[in-house]
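What follows is a short report on a single structure.
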Amino acid sequence: MAFLFKVSQLCPLLRIALVLACVLRLPAEARFSSSRKLSTASGFSSEPAGEEYWFIQRLDHFNGADSRVWKQRYFVNDRFYKTGGPVFLMIGGEGPANPAWMQYGTWLNYAEKFGALCLLLEHRFYGKSHPTEDLSVESLRFLSSRQALADLAHFRSVTAETRKLTSNKWVAFGGSYPGSLAAWFRLKYPHLVHASVATSAPVYATVNFTEYLEVVQKSLEAENPQCPVLVKKASDTLMARLKDPKTYDNITKDFRLCSKLEIQSDMDSAYLLETLAGNFMDVVQYNEDNRAFEGVLGTNITIKVLCDVMLDSSLGEPYDRYAAVARLLQKTFLQSCTDAQYSQYVREMSNTSWTGPAASGGRQWVYQTCAEFGFYQSTDSQKQPFGGFPLKYHLRQCNDIYNLNSSVADAVQQTNEEYGGYNIRSTRIVFPNGSIDPWHALGVTSNITDELPAVFIKGTAHCANMYPARAEDLPALTQARDEIFLLLQQWLKK
């Protein structure tokens with residue numbers, strides 16, 4: 001996850017935010033706060049890569065009668081900029097923007113080669129970019145991908161004028177949900193952005209994202225065919241025990257729950273089951289990604305580590321091994337226990353204050369899933385090893401948290417009508433995806449046209465091509481980074 005704490009064990013629906021989690025700020029951000037001065041041969045003054053800047057942004061881009069504005073945070077790295085070079089715009093996602101990306105990442109290698117100016121714009125309603133006084137549903141109506149794209153357009157137009165970059169070619173970068181935004185920015189504002197790199201971008205919105213757990217199963221199978229079989233046995237055993245209150249004390253102890261287990265409704269059991277399944281979902285999604293520079297804990301926990309635990313018969317039955325995985329993740333993420341109370345989750349997610357427990361992104365992103373995307377990773381498919389958190393469990397949260405009774409299916413249909421889903425039609429957008437990453441199921445994994453190429457990277461996970469290169473990278477990953485560079489080289493000549 002992109003947070004220092006284990007999000008899946010604080011709030012399972014925040015796992016949906018994994019779709020965005022490639023460029024977020026971390027609690028460990030202090031590691032990168034002391035930026036050194038940068039030298040440059042351009043006409044720009046050298047600017048610290050971690051220094052915050054603020055842009056006066058419109059609240060509502062689609063109502064000319066609304067003149068309200070707010071301050072949007074952004075970051076600048078002009079270290080590599082050469083006069084006339086391109087402008088690289090990294091798009092922030094569903095969490096605080098992480099200035100570490102102004103010092104690390106593959107895009108900076110490209111920037112050095114092309115002499116590019118690098119900018120990172122934080123997404124509205126996340127991090128320190130607060131358009132409204134609170135996170136009430138009335139305020140959140142200004143949170144949408146359409147408003148975010150209009151933010152990018154306005155930021156690009158004004159910045160180009162003030163920094164004398166109107167003749168420069170702009171390239172958008174993003175990973176996960178920001179990857180989708182990068183593609184859609186090029187689609188909707190082709191006169192403002194010359195090309196886009198849309199990494200791990202789920203461009204197709206869907207209510208019931210059953211394919212997510214199907215990919216998790218395939219990824220576990222690739223490590224060892226018995227691994228998902230044992231996970232399923234463990235999950236089935238746990239589900240059976242949840243039907244007998246006499247087992248609750250042992251379950252509380254086995255999984256180190258923060259309070260005695262109480263199952264008063266299907267939502268309670270679903271919340272616990274999704275939380276524990278999240279241990280596998282999270283590790284699969286970011287398997288072996290080079291994320292340490294972000295300050296992320298747990299990068300040493302891989303699919304192999306989890307499957308080794310599940311295959312270790314000395315730990316007991318599959319259920320016992322499943323519990324051992326949970327305790328391993330607790331230790332790794334410095335947790336003393338796991339909160340498994342759905343009622344507590346709803347209370348935290350319903351807090352509308354900017355200082356509330358879910359204000360770092362959880363309340364905002366789950367609202368976006370209810371209002372635009374769906375993306376609900378249910379257990380409704382038979383081709384995956386988990387059980388107990390069906391689509392209705394996810395949909396009910398839209399009502400429990402936001403009192404929304406509108407159709408998520410209608411919202412998803414509107415999103416796909418707006419952007420085209422898998423049938424996006426544009427030019428100069430490249431779509432990198434990793435085969436292990438469950439989100440690739442909603443992305444572009446084969447060429448649409450010569451001008452809309454896909455780079456499908458076997459053996460890699462979420463946003464892998466964005467992270468800094470290292471000696472142990474798979475040859476396919478190295479080749480993918482080179483392929484993206486060659487495409488940019490080709491497109492920037494046009």
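Lettering and numbering for the structure tokens are positional, with chains as A, B, ... in the shown order, residues counted from 1 in each chain, and ligands counted from 1 in the shown order.
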
Find the spatial neighbours of Val408 in chain A, counting only C-alpha atoms, within a cut-off of 7 Å - ignore same-chain residues fewer than 6 positions away - and output them as a VMD selection string.
chain A and resid 207 370 to 371 374

Select from range 130-243 of chain A everything DSSP, run on the backbone, classes as alpha helix (DSSP H), then give the selection as a ChimeraX atom specification.
/A:137-140,145-162,177-188,211-223,226-241

Check which residues of range 98-139 of chain A sit at most 9 Å from range 479-493 of chain A using only C-alpha atoms, and return one row each with the closest pair of atoms and their distance in Å to one decimal, ordered by chain and rising number, as a tab-separated table.
```
residue	atom	partner	partner_atom	distance
A:Thr106	CA	A:Arg481	CA	7.7
A:Tyr110	CA	A:Phe485	CA	6.7
A:Phe114	CA	A:Gln489	CA	8.1
```

Measure the distance from CA of His61 in chain A to CA of Arg124 in chain A in Å and round it to one decimal.
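For CA of His61 in chain A relative to CA of Arg124 in chain A, the distance reads 12.5 Å.
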
Shell around range 383-397 of chain A at 6 Å using only C-alpha atoms, local window under 2 positions removed, as a VMD selection string:
chain A and resid 213 to 214 217 228 232 235 270 378 to 381 399 to 401

Quick one: residues within 10 Å of Ser336 in chain A, only C-alpha atoms counted, chain neighbours fewer than 5 positions away excluded, as a list of chain:residue names?
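Listing them by chain and then by number gives A:Arg256, A:Leu257, A:Cys258, A:Arg327, A:Gln330, A:Lys331.
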
Would you kindly return, as a PyMOL selection string, each protein, DNA or RNA residue with an atom no farther than 9 Å from any atom of Lys304 in chain A, considering only C-alpha atoms and excluding same-chain residues fewer than 6 positions away?
chain A and resi 220+223-224
